[in-house]
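Q: Here you go, input_21.csv (CSV, C-alpha atoms):
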chain,number,residue,atom,x,y,z
A,1027,MET,CA,109.9,-12.5,138.6
A,1028,GLN,CA,113.3,-11.8,140.1
A,1029,VAL,CA,116.3,-13.9,139.3
A,1030,ILE,CA,119.1,-14.7,141.9
A,1031,LYS,CA,122.0,-15.9,139.8
A,1032,LYS,CA,123.9,-19.0,140.8
A,1033,GLN,CA,126.1,-18.5,143.9
A,1034,SER,CA,124.7,-15.0,144.6
A,1035,GLY,CA,122.1,-13.4,146.8
A,1036,ALA,CA,119.5,-10.6,147.1
A,1037,ALA,CA,117.9,-8.5,149.9
A,1038,PHE,CA,114.7,-6.5,149.8
A,1039,LYS,CA,111.8,-5.2,151.9
A,1040,LEU,CA,108.5,-7.1,152.2
A,1041,LYS,CA,105.5,-5.4,153.8
A,1042,LYS,CA,103.2,-7.0,156.3
A,1043,GLY,CA,100.5,-9.0,154.4
A,1044,GLN,CA,102.6,-9.2,151.2
A,1045,ARG,CA,103.5,-12.7,150.0
A,1046,LEU,CA,106.8,-14.0,148.8
A,1047,LYS,CA,107.1,-17.0,146.4
A,1048,VAL,CA,110.6,-18.6,146.3
A,1049,ILE,CA,111.0,-20.9,143.3
A,1050,ASP,CA,113.5,-23.6,142.4
A,1051,PRO,CA,113.4,-23.1,138.6
A,1052,GLU,CA,115.6,-26.1,137.7
A,1053,GLY,CA,115.3,-28.4,140.7
A,1054,GLU,CA,117.8,-29.5,143.4
A,1055,GLN,CA,118.8,-26.0,144.5
A,1056,VAL,CA,118.7,-24.5,147.9
A,1057,SER,CA,117.9,-20.9,149.0
A,1058,ASP,CA,119.0,-19.7,152.5
A,1059,MET,CA,116.7,-17.1,153.9
A,1060,VAL,CA,117.1,-14.7,156.8
A,1061,LEU,CA,114.6,-12.1,158.1
A,1062,PHE,CA,114.8,-8.9,160.1
A,1063,ASN,CA,112.1,-6.6,161.4
A,1064,ALA,CA,112.3,-3.7,159.0
A,1065,LYS,CA,111.5,-1.2,161.9
A,1066,ASP,CA,114.2,-2.6,164.3
A,1067,ARG,CA,116.9,-4.9,162.9
A,1068,ARG,CA,117.8,-6.3,166.3
A,1069,GLU,CA,114.6,-8.4,166.0
A,1070,LYS,CA,115.4,-11.3,163.6
A,1071,LEU,CA,114.7,-14.8,162.6
A,1072,SER,CA,115.3,-17.4,165.3
A,1073,SER,CA,115.6,-21.2,164.6
A,1074,GLY,CA,115.4,-21.9,168.4
A,1075,LYS,CA,112.2,-20.0,168.9
A,1076,THR,CA,110.6,-21.5,165.7
A,1077,LEU,CA,111.5,-25.1,166.5
A,1078,ASP,CA,110.2,-24.6,170.1
A,1079,PHE,CA,106.9,-22.9,169.2
A,1080,GLU,CA,106.2,-25.1,166.1
A,1081,GLU,CA,107.2,-28.3,168.1
A,1082,SER,CA,109.0,-29.7,165.0
A,1083,ILE,CA,112.4,-29.8,163.4
A,1084,LEU,CA,110.8,-29.9,160.0
A,1085,ILE,CA,109.0,-26.6,159.1
A,1086,SER,CA,106.6,-26.5,156.1
A,1087,SER,CA,103.0,-25.4,155.2
A,1088,GLY,CA,101.0,-24.2,158.1
A,1089,ASN,CA,104.1,-23.4,160.2
A,1090,PHE,CA,105.2,-19.9,161.3
A,1091,LEU,CA,108.7,-18.5,161.3
A,1092,TRP,CA,109.3,-16.8,164.7
A,1093,SER,CA,111.7,-14.0,165.8
A,1094,ASN,CA,114.2,-13.9,168.8
A,1095,ARG,CA,111.5,-11.7,170.4
A,1096,SER,CA,108.9,-14.5,170.1
A,1097,GLN,CA,106.9,-12.8,167.4
A,1098,LYS,CA,105.6,-14.3,164.2
A,1099,MET,CA,107.6,-13.1,161.2
A,1100,MET,CA,106.2,-15.2,158.4
A,1101,GLU,CA,103.6,-17.9,157.8
A,1102,ILE,CA,104.2,-20.7,155.2
A,1103,LEU,CA,101.1,-20.8,153.1
A,1104,GLU,CA,102.2,-23.4,150.5
A,1105,ASP,CA,105.2,-25.7,150.0
A,1106,THR,CA,105.1,-27.9,146.9
A,1107,ASN,CA,108.3,-29.7,147.9
A,1108,GLY,CA,107.8,-30.0,151.6
A,1109,ARG,CA,111.4,-30.4,152.8
A,1110,ASN,CA,113.4,-27.5,154.3
A,1111,ASP,CA,116.1,-27.2,156.9
A,1112,PHE,CA,116.3,-25.0,160.0
A,1113,LEU,CA,119.2,-26.8,161.7
A,1114,LEU,CA,122.3,-25.6,159.9
A,1115,ALA,CA,124.0,-22.2,159.6
A,1116,PRO,CA,124.6,-20.7,156.2
A,1117,CYS,CA,127.7,-22.1,154.5
A,1118,SER,CA,130.6,-19.7,155.1
A,1119,PRO,CA,134.2,-19.6,154.0
A,1120,GLU,CA,135.0,-21.8,157.1
A,1121,THR,CA,132.4,-24.4,156.0
A,1122,PHE,CA,134.5,-25.2,152.9
A,1123,GLU,CA,137.7,-25.4,155.0
A,1124,VAL,CA,136.3,-27.5,157.9
A,1125,MET,CA,133.7,-29.7,156.0
A,1126,TYR,CA,135.1,-29.9,152.5
A,1127,ASP,CA,138.8,-29.4,153.2
A,1128,TYR,CA,138.8,-26.8,150.4
A,1129,LYS,CA,141.6,-24.3,150.2
A,1130,GLY,CA,141.3,-20.8,148.8
A,1131,TYR,CA,138.3,-18.6,148.0
A,1132,HIS,CA,134.9,-20.2,147.7
A,1133,PRO,CA,131.6,-18.3,147.4
A,1134,SER,CA,129.2,-18.9,150.3
A,1135,CYS,CA,125.7,-18.1,151.4
A,1136,PHE,CA,127.1,-16.3,154.4
A,1137,GLU,CA,129.0,-13.9,152.2
A,1138,ASN,CA,126.1,-13.5,149.8
A,1139,LEU,CA,123.7,-12.7,152.7
A,1140,TYR,CA,125.9,-10.1,154.4
A,1141,THR,CA,126.9,-8.4,151.2
A,1142,SER,CA,123.3,-8.2,150.1
A,1143,LEU,CA,122.3,-6.9,153.5
A,1144,GLU,CA,125.0,-4.2,153.7
A,1145,LYS,CA,122.6,-1.6,152.2
A,1146,PHE,CA,120.3,-2.1,155.2
A,1147,LYS,CA,123.3,-1.6,157.6
A,1148,ILE,CA,123.1,-5.3,158.7
A,1149,GLU,CA,126.6,-6.7,159.4
A,1150,PRO,CA,128.1,-10.3,159.2
A,1151,ASP,CA,127.8,-10.8,163.0
A,1152,ASP,CA,124.0,-10.1,162.7
A,1153,ILE,CA,123.3,-13.0,160.4
A,1154,PRO,CA,121.3,-15.7,162.3
A,1155,THR,CA,120.9,-19.4,161.4
A,1156,ALA,CA,118.9,-19.2,158.1
A,1157,PHE,CA,115.7,-21.0,157.1
A,1158,ASN,CA,117.2,-23.2,154.3
A,1159,ILE,CA,114.4,-23.5,151.7
A,1160,PHE,CA,114.5,-26.9,149.7
A,1161,MET,CA,117.5,-28.0,151.8
A,1162,ASN,CA,117.4,-31.8,152.5
A,1163,VAL,CA,119.1,-32.4,155.8
A,1164,GLN,CA,118.4,-35.9,157.0
A,1165,PHE,CA,118.8,-37.0,160.6
A,1166,ASP,CA,118.4,-40.3,162.5
A,1167,GLU,CA,117.1,-40.9,166.0
A,1168,LYS,CA,120.7,-40.7,167.3
A,1169,GLY,CA,120.9,-37.2,165.9
A,1170,LYS,CA,123.4,-37.9,163.1
A,1171,ILE,CA,123.0,-35.4,160.3
A,1172,SER,CA,123.6,-35.8,156.6
A,1173,VAL,CA,123.2,-33.2,153.9
A,1174,ASP,CA,121.6,-34.9,151.0
A,1175,PRO,CA,120.6,-33.7,147.4
A,1176,PRO,CA,117.4,-31.6,147.5
A,1177,LEU,CA,114.2,-33.4,146.7
A,1178,SER,CA,112.9,-30.3,144.8
A,1179,LYS,CA,111.9,-30.6,141.2
A,1180,ALA,CA,111.9,-27.8,138.6
A,1181,GLY,CA,109.1,-25.4,139.5
A,1182,ASP,CA,108.7,-26.3,143.1
A,1183,TYR,CA,108.1,-23.3,145.3
A,1184,VAL,CA,107.4,-22.2,148.9
A,1185,LEU,CA,104.9,-19.3,149.4
A,1186,PHE,CA,105.3,-17.2,152.5
A,1187,GLU,CA,103.2,-14.4,154.0
A,1188,ALA,CA,104.8,-11.6,156.0
A,1189,LYS,CA,103.4,-11.1,159.5
A,1190,MET,CA,105.3,-7.9,160.0
A,1191,ASP,CA,107.3,-5.4,157.9
A,1192,LEU,CA,110.4,-7.3,157.0
A,1193,ILE,CA,113.9,-7.1,155.4
A,1194,VAL,CA,114.4,-10.4,153.6
A,1195,ALA,CA,117.7,-11.8,152.2
A,1196,LEU,CA,117.8,-14.9,150.0
A,1197,THR,CA,120.6,-16.8,148.3
A,1198,ALA,CA,121.1,-19.3,145.5
A,1199,CYS,CA,123.3,-21.7,147.6
A,1200,SER,CA,127.0,-22.1,146.9
A,1201,ALA,CA,127.7,-25.4,148.8
A,1202,GLU,CA,128.2,-28.5,146.7
A,1203,ASP,CA,126.6,-30.9,149.2
A,1204,SER,CA,123.4,-28.8,149.4
A,1205,ASN,CA,122.6,-28.8,145.7
A,1206,ASN,CA,124.1,-32.0,144.5
A,1207,GLY,CA,127.2,-30.4,143.1
A,1208,SER,CA,125.5,-28.1,140.6
A,1209,PHE,CA,125.1,-24.4,141.1
A,1210,LYS,CA,121.8,-23.0,139.8
A,1211,PRO,CA,119.7,-19.9,140.2
A,1212,ILE,CA,116.7,-19.2,142.5
A,1213,HIS,CA,113.7,-17.2,141.4
A,1214,TYR,CA,111.4,-15.1,143.6
A,1215,LYS,CA,108.3,-13.1,143.2
A,1216,ILE,CA,106.6,-10.6,145.6
A,1217,LEU,CA,102.8,-10.8,145.5
A,1218,ASP,CA,100.5,-8.1,147.0
B,1119,MET,CA,131.5,-24.9,194.3
B,1120,GLN,CA,129.0,-22.2,193.2
B,1121,VAL,CA,125.3,-22.6,193.6
B,1122,ILE,CA,122.7,-21.3,191.2
B,1123,LYS,CA,119.4,-21.2,193.1
B,1124,LYS,CA,116.2,-22.6,191.6
B,1125,GLN,CA,114.8,-20.4,188.8
B,1126,SER,CA,117.8,-18.1,188.7
B,1127,GLY,CA,121.1,-17.6,186.7
B,1128,ALA,CA,124.7,-16.6,186.9
B,1129,ALA,CA,127.3,-15.1,184.6
B,1130,PHE,CA,131.1,-15.1,184.9
B,1131,LYS,CA,134.4,-15.1,182.9
B,1132,LEU,CA,136.2,-18.3,182.0
B,1133,LYS,CA,139.7,-18.1,180.6
B,1134,LYS,CA,141.0,-20.1,177.7
B,1135,GLY,CA,142.2,-23.5,179.1
B,1136,GLN,CA,140.1,-23.3,182.2
B,1137,ARG,CA,137.5,-26.0,182.7
B,1138,LEU,CA,133.9,-25.6,183.8
B,1139,LYS,CA,132.0,-28.4,185.5
B,1140,VAL,CA,128.2,-28.0,185.5
B,1141,ILE,CA,126.5,-30.4,187.9
B,1142,ASP,CA,122.8,-31.4,188.4
B,1143,PRO,CA,122.9,-31.9,192.2
B,1144,GLU,CA,119.5,-33.4,192.7
B,1145,GLY,CA,118.7,-34.9,189.2
B,1146,GLU,CA,116.2,-34.0,186.5
B,1147,GLN,CA,117.2,-30.3,186.3
B,1148,VAL,CA,118.3,-28.4,183.2
B,1149,SER,CA,120.8,-25.6,182.8
B,1150,ASP,CA,120.7,-23.3,179.8
B,1151,MET,CA,124.2,-22.0,178.8
B,1152,VAL,CA,125.2,-19.2,176.5
B,1153,LEU,CA,128.7,-18.1,175.6
B,1154,PHE,CA,130.3,-14.9,174.3
B,1155,ASN,CA,133.9,-14.1,173.3
B,1156,ALA,CA,135.2,-12.1,176.3
B,1157,LYS,CA,137.2,-9.8,173.9
B,1158,ASP,CA,134.4,-9.2,171.5
B,1159,ARG,CA,130.8,-9.9,172.6
B,1160,ARG,CA,129.5,-9.9,169.0
B,1161,GLU,CA,131.1,-13.3,168.7
B,1162,LYS,CA,128.8,-15.8,170.4
B,1163,LEU,CA,127.6,-19.4,170.6
B,1164,SER,CA,125.9,-20.7,167.4
B,1165,SER,CA,123.6,-23.7,167.4
B,1166,GLY,CA,123.6,-23.7,163.5
B,1167,LYS,CA,127.4,-23.7,163.3
B,1168,THR,CA,127.8,-26.3,166.0
B,1169,LEU,CA,125.2,-28.8,164.5
B,1170,ASP,CA,126.8,-28.2,161.0
B,1171,PHE,CA,130.4,-28.8,162.0
B,1172,GLU,CA,129.7,-31.6,164.5
B,1173,GLU,CA,127.3,-33.3,162.0
B,1174,SER,CA,124.9,-34.1,164.8
B,1175,ILE,CA,121.8,-32.8,166.6
B,1176,LEU,CA,123.0,-34.4,169.8
B,1177,ILE,CA,126.1,-32.8,171.3
B,1178,SER,CA,128.1,-34.6,174.1
B,1179,SER,CA,131.6,-35.8,175.0
B,1180,GLY,CA,134.2,-35.1,172.3
B,1181,ASN,CA,132.1,-32.4,170.5
B,1182,PHE,CA,133.0,-28.8,170.3
B,1183,LEU,CA,130.7,-25.8,170.8
B,1184,TRP,CA,131.2,-23.3,167.9
B,1185,SER,CA,130.7,-19.6,167.5
B,1186,ASN,CA,128.9,-17.5,164.8
B,1187,ARG,CA,132.4,-16.8,163.5
B,1188,SER,CA,133.1,-20.5,163.0
B,1189,GLN,CA,135.6,-20.7,165.9
B,1190,LYS,CA,135.7,-23.3,168.7
B,1191,MET,CA,134.4,-21.8,172.0
B,1192,MET,CA,134.4,-25.0,174.2
B,1193,GLU,CA,135.2,-28.7,174.1
B,1194,ILE,CA,133.1,-31.2,176.0
B,1195,LEU,CA,135.5,-33.4,177.9
B,1196,GLU,CA,133.1,-35.5,180.0
B,1197,ASP,CA,129.3,-35.9,180.1
B,1198,THR,CA,128.1,-38.5,182.6
B,1199,ASN,CA,124.4,-38.1,181.5
B,1200,GLY,CA,124.9,-37.8,177.8
B,1201,ARG,CA,121.7,-36.0,176.8
B,1202,ASN,CA,121.7,-32.3,176.1
B,1203,ASP,CA,119.6,-30.1,173.7
B,1204,PHE,CA,120.7,-27.6,171.2
B,1205,LEU,CA,117.5,-27.1,169.2
B,1206,LEU,CA,115.3,-24.9,171.5
B,1207,ALA,CA,115.7,-21.3,172.5
B,1208,PRO,CA,115.7,-20.5,176.3
B,1209,CYS,CA,112.2,-20.4,177.8
B,1210,SER,CA,111.0,-16.8,177.8
B,1211,PRO,CA,107.8,-15.1,179.2
B,1212,GLU,CA,106.2,-15.8,175.8
B,1213,THR,CA,107.1,-19.5,176.2
B,1214,PHE,CA,104.7,-19.7,179.1
B,1215,GLU,CA,102.0,-17.8,177.2
B,1216,VAL,CA,102.3,-19.7,173.9
B,1217,MET,CA,103.2,-23.2,175.1
B,1218,TYR,CA,101.7,-23.4,178.6
B,1219,ASP,CA,98.8,-21.0,178.2
B,1220,TYR,CA,100.0,-19.4,181.5
B,1221,LYS,CA,98.9,-15.8,182.3
B,1222,GLY,CA,100.9,-13.4,184.5
B,1223,TYR,CA,104.6,-13.3,185.4
B,1224,HIS,CA,106.6,-16.5,185.2
B,1225,PRO,CA,110.4,-16.7,185.8
B,1226,SER,CA,112.3,-17.8,182.7
B,1227,CYS,CA,115.8,-18.8,181.5
B,1228,PHE,CA,115.7,-15.9,179.0
B,1229,GLU,CA,115.2,-13.3,181.8
B,1230,ASN,CA,117.7,-15.1,184.1
B,1231,LEU,CA,120.3,-15.0,181.3
B,1232,TYR,CA,120.0,-11.4,180.3
B,1233,THR,CA,119.8,-10.1,183.8
B,1234,SER,CA,122.9,-12.1,184.7
B,1235,LEU,CA,124.7,-10.7,181.6
B,1236,GLU,CA,123.7,-7.0,182.1
B,1237,LYS,CA,127.0,-6.5,184.0
B,1238,PHE,CA,128.9,-7.5,180.8
B,1239,LYS,CA,126.8,-5.0,178.7
B,1240,ILE,CA,125.0,-7.9,176.9
B,1241,GLU,CA,121.4,-7.2,176.1
B,1242,PRO,CA,118.3,-9.4,175.7
B,1243,ASP,CA,118.5,-9.2,171.9
B,1244,ASP,CA,122.0,-10.6,172.0
B,1245,ILE,CA,121.0,-13.9,173.6
B,1246,PRO,CA,121.4,-16.8,171.2
B,1247,THR,CA,119.9,-20.2,171.3
B,1248,ALA,CA,121.4,-21.8,174.4
B,1249,PHE,CA,123.1,-25.1,174.8
B,1250,ASN,CA,120.6,-26.8,177.2
B,1251,ILE,CA,122.6,-29.0,179.5
B,1252,PHE,CA,120.7,-32.1,180.7
B,1253,MET,CA,117.7,-31.1,178.6
B,1254,ASN,CA,115.9,-34.1,177.1
B,1255,VAL,CA,114.3,-33.1,173.9
B,1256,GLN,CA,113.2,-36.1,171.9
B,1257,PHE,CA,112.4,-36.1,168.2
B,1258,ASP,CA,111.2,-38.6,165.7
B,1259,GLU,CA,112.2,-39.1,162.0
B,1260,LYS,CA,109.3,-36.8,161.0
B,1261,GLY,CA,110.9,-34.1,163.1
B,1262,LYS,CA,108.2,-34.0,165.8
B,1263,ILE,CA,109.7,-32.6,169.0
B,1264,SER,CA,108.7,-33.4,172.6
B,1265,VAL,CA,110.3,-32.0,175.8
B,1266,ASP,CA,110.6,-35.0,178.2
B,1267,PRO,CA,111.9,-35.2,181.8
B,1268,PRO,CA,115.7,-35.1,182.0
B,1269,LEU,CA,117.5,-38.4,182.3
B,1270,SER,CA,120.1,-36.9,184.6
B,1271,LYS,CA,120.5,-38.4,188.1
B,1272,ALA,CA,121.8,-36.6,191.2
B,1273,GLY,CA,125.5,-35.8,190.7
B,1274,ASP,CA,125.6,-36.0,186.9
B,1275,TYR,CA,127.8,-33.4,185.3
B,1276,VAL,CA,129.2,-32.1,182.1
B,1277,LEU,CA,132.8,-30.9,182.0
B,1278,PHE,CA,133.8,-28.2,179.4
B,1279,GLU,CA,137.1,-26.7,178.5
B,1280,ALA,CA,137.3,-23.1,177.2
B,1281,LYS,CA,139.0,-22.8,173.8
B,1282,MET,CA,139.0,-19.0,174.0
B,1283,ASP,CA,138.5,-16.4,176.8
B,1284,LEU,CA,134.7,-16.5,177.5
B,1285,ILE,CA,131.8,-14.9,179.2
B,1286,VAL,CA,129.5,-17.7,180.3
B,1287,ALA,CA,126.0,-17.5,181.5
B,1288,LEU,CA,124.1,-20.4,183.1
B,1289,THR,CA,120.6,-20.9,184.5
B,1290,ALA,CA,118.7,-23.3,186.8
B,1291,CYS,CA,115.8,-23.8,184.4
B,1292,SER,CA,112.4,-22.3,185.1
B,1293,ALA,CA,110.2,-24.3,182.7
B,1294,GLU,CA,108.0,-27.0,184.1
B,1295,ASP,CA,108.3,-29.3,181.1
B,1296,SER,CA,112.1,-29.2,181.1
B,1297,ASN,CA,112.6,-30.4,184.7
B,1298,ASN,CA,109.6,-32.6,185.3
B,1299,GLY,CA,107.7,-29.9,187.2
B,1300,SER,CA,110.2,-29.4,190.0
B,1301,PHE,CA,112.5,-26.4,190.2
B,1302,LYS,CA,115.9,-27.2,191.6
B,1303,PRO,CA,119.4,-25.6,191.8
B,1304,ILE,CA,122.4,-26.1,189.5
B,1305,HIS,CA,125.9,-26.3,190.8
B,1306,TYR,CA,129.1,-25.3,188.9
B,1307,LYS,CA,132.8,-25.2,189.5
B,1308,ILE,CA,135.7,-23.5,187.7
B,1309,LEU,CA,138.8,-25.7,187.5
B,1310,ASP,CA,142.2,-24.3,186.4
If you convert what's in this file into structure tokens, what do you get?
A:
Amino acid sequence: MQVIKKQSGAAFKLKKGQRLKVIDPEGEQVSDMVLFNAKDRREKLSSGKTLDFEESILISSGNFLWSNRSQKMMEILEDTNGRNDFLLAPCSPETFEVMYDYKGYHPSCFENLYTSLEKFKIEPDDIPTAFNIFMNVQFDEKGKISVDPPLSKAGDYVLFEAKMDLIVALTACSAEDSNNGSFKPIHYKILD
Amino acid sequence: MQVIKKQSGAAFKLKKGQRLKVIDPEGEQVSDMVLFNAKDRREKLSSGKTLDFEESILISSGNFLWSNRSQKMMEILEDTNGRNDFLLAPCSPETFEVMYDYKGYHPSCFENLYTSLEKFKIEPDDIPTAFNIFMNVQFDEKGKISVDPPLSKAGDYVLFEAKMDLIVALTACSAEDSNNGSFKPIHYKILD
């Protein structure tokens, strides 16, 4: 079991057929995930392709995560919580300025993703909209969005299977609204 | 007035402060739009940043379109129809295979965007999720998505103002579901 400490991130390779279990060990924590084709990093996770092909805003068990080249990157095998977000970009320094009116340095998923991905020569501009595991973004029929506390309980997990060789980056989210104001770790496990 | 013929595209520069009027001349037609910073093409339109900062899935008059670097790219000044989509990626050859079970060549917004953008050295992998003007994507509270005929009538338009120097690409959409099975032109006009 690997631990991503609060307000930090991790990046690693995952081979086709391997499974990835992402766990919320304490409950009410979010993990932003981005994916790249390990053999060609210009192929990456696409929210627009995924929502189109899966015909749903809400992505959970039985759905696939698709790339900008219209290929399947992952399948979601299990999801004990059942609520994830694929609308919103990772929180970035500007998120805290624009949305929280916060001045000064604030850790962010965006920074934690690109610093974790530096070793794979992936740059900040390459980061796509993330699949936000456990994130509870509510919306009404008029499209109004609100970021609510996660519904995940301690031990909830999502189990993914890689459909191609991948570079994966994960965070333990740094945004107060996403995790009900408490920063906690995320655990993950690679299963052959 | 510039004409984008049915199932084709166009790309051009738009200076900060200039306005762009995108018109549906016959009604029930969609135009996919992507944006790049004219001074650094790695900065581009981001659905995830826009939905986050505008706190809405539905983007219309008074909203801004934001970049992956959290900068304002455009403001929507007027929108006579009022329904646009920012969830779905441009239709691509695979859209017609996966969603329509169509075999053989089919024109697509994705192809029309990247061929129009070649002259600016922008490649297919650089195309982000487009802002789909006049596209009528309905969703329910469970997140289920359906692509319905556009609500736009002949002469409806959206008026944008550039907030930075931009490269803009637009299409006259090639997907049957997006335009109620009839392929029509899109008009646009640049206003100083």
Q: Which residue, B:Gly1200, B:Pro1143, B:Gly1166, B:Pro1211, has the smallest gap to chain A when you use only C-alpha atoms?
A: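 Distance minimum relative to chain A lands on B:Gly1166.
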Q: Dig up all the protein and nucleic acid residues within 8 Å of (122.3, -34.3, 164.5) in the file frame, using all atoms listed in the file, and format them as a list in words.
A: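 Looking at atoms near the point gives Phe1165, Asp1166, Lys1168, Gly1169, Lys1170 and Ile1171 of chain A; Leu1169, Glu1172, Glu1173, Ser1174, Ile1175, Leu1176 and Ile1177 of chain B.
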Q: What are the residues of chain B lining chain A at 10 Å or less? Count only C-alpha atoms, and put the answer as a PyMOL selection string.
A: chain B and resi 1160-1162+1164-1177+1186-1189+1204-1213+1216-1217+1242-1248+1256-1265
Q: At what distance in Å, to one decimal, does atom CA of Leu1309 of chain B lie from atom CA of Leu1138 of chain B?
A: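 Distance between the two atoms: 6.1 Å.
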Q: Rank nothing, just name the residue among A:Ile1216, A:Ile1159, A:Ala1198, A:Ala1180 nearest to Ser1034 of chain A, using only C-alpha atoms.
A: A:Ala1198
Q: When you count all atoms listed in the file, which of these residues is closest to Asp1150 of chain B: B:Ile1240, B:Ala1129, B:Cys1227, B:Val1276?
A: B:Cys1227
Q: Give as a PyMOL selection string every residue, naming chains and numbers as the document does, that has an atom within 12 Å of (118.2, -35.8, 196.3), counting only C-alpha atoms.
A: chain B and resi 1142-1147+1270-1274+1302-1303
Q: List as a compact mmCIF listing (two decimals) with C-alpha atoms, keeping the file's coordinate frame the protein and nucleic acid residues near Leu1195 of chain B, meaning an atom at most 7 Å away when all atoms listed in the file are counted, but skip any in the same chain fewer than 6 places from it.
A:
# COMPACT_ATOMS: atom_id res chain seq x y z
CA SER B 1179 131.60 -35.80 175.00
CA GLY B 1180 134.20 -35.10 172.30
CA LEU B 1277 132.80 -30.90 182.00
CA PHE B 1278 133.80 -28.20 179.40
CA GLU B 1279 137.10 -26.70 178.50
Q: Neighbouring residues of Thr1289 of chain B were defined as those with any atom within 8 Å, considering only C-alpha atoms; residues of the same chain fewer than 3 positions away were excluded. Please report them as a VMD selection string.
A: chain B and resid 1122 1125 to 1128 1148 to 1151 1227 1230 to 1231 1304
Q: Given the choices A:Asn1206, A:Lys1189, A:Ser1200, A:Glu1104, which gets closest to Lys1032 of chain A if the distance is worked out from only C-alpha atoms?
A: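 When distances to Lys1032 of chain A are compared using only C-alpha atoms, the smallest one comes from A:Ser1200.
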Q: Mind giving me the straight-line distance from atom CA of Thr1198 of chain B to atom CA of Val1140 of chain B in Å, one decimal?
A: 10.9 Å
Q: Which is closest to Phe1157 of chain A among A:Met1190, A:Leu1177, A:Leu1071, A:Ile1102, if we use all atoms listed in the file?
A: A:Leu1071
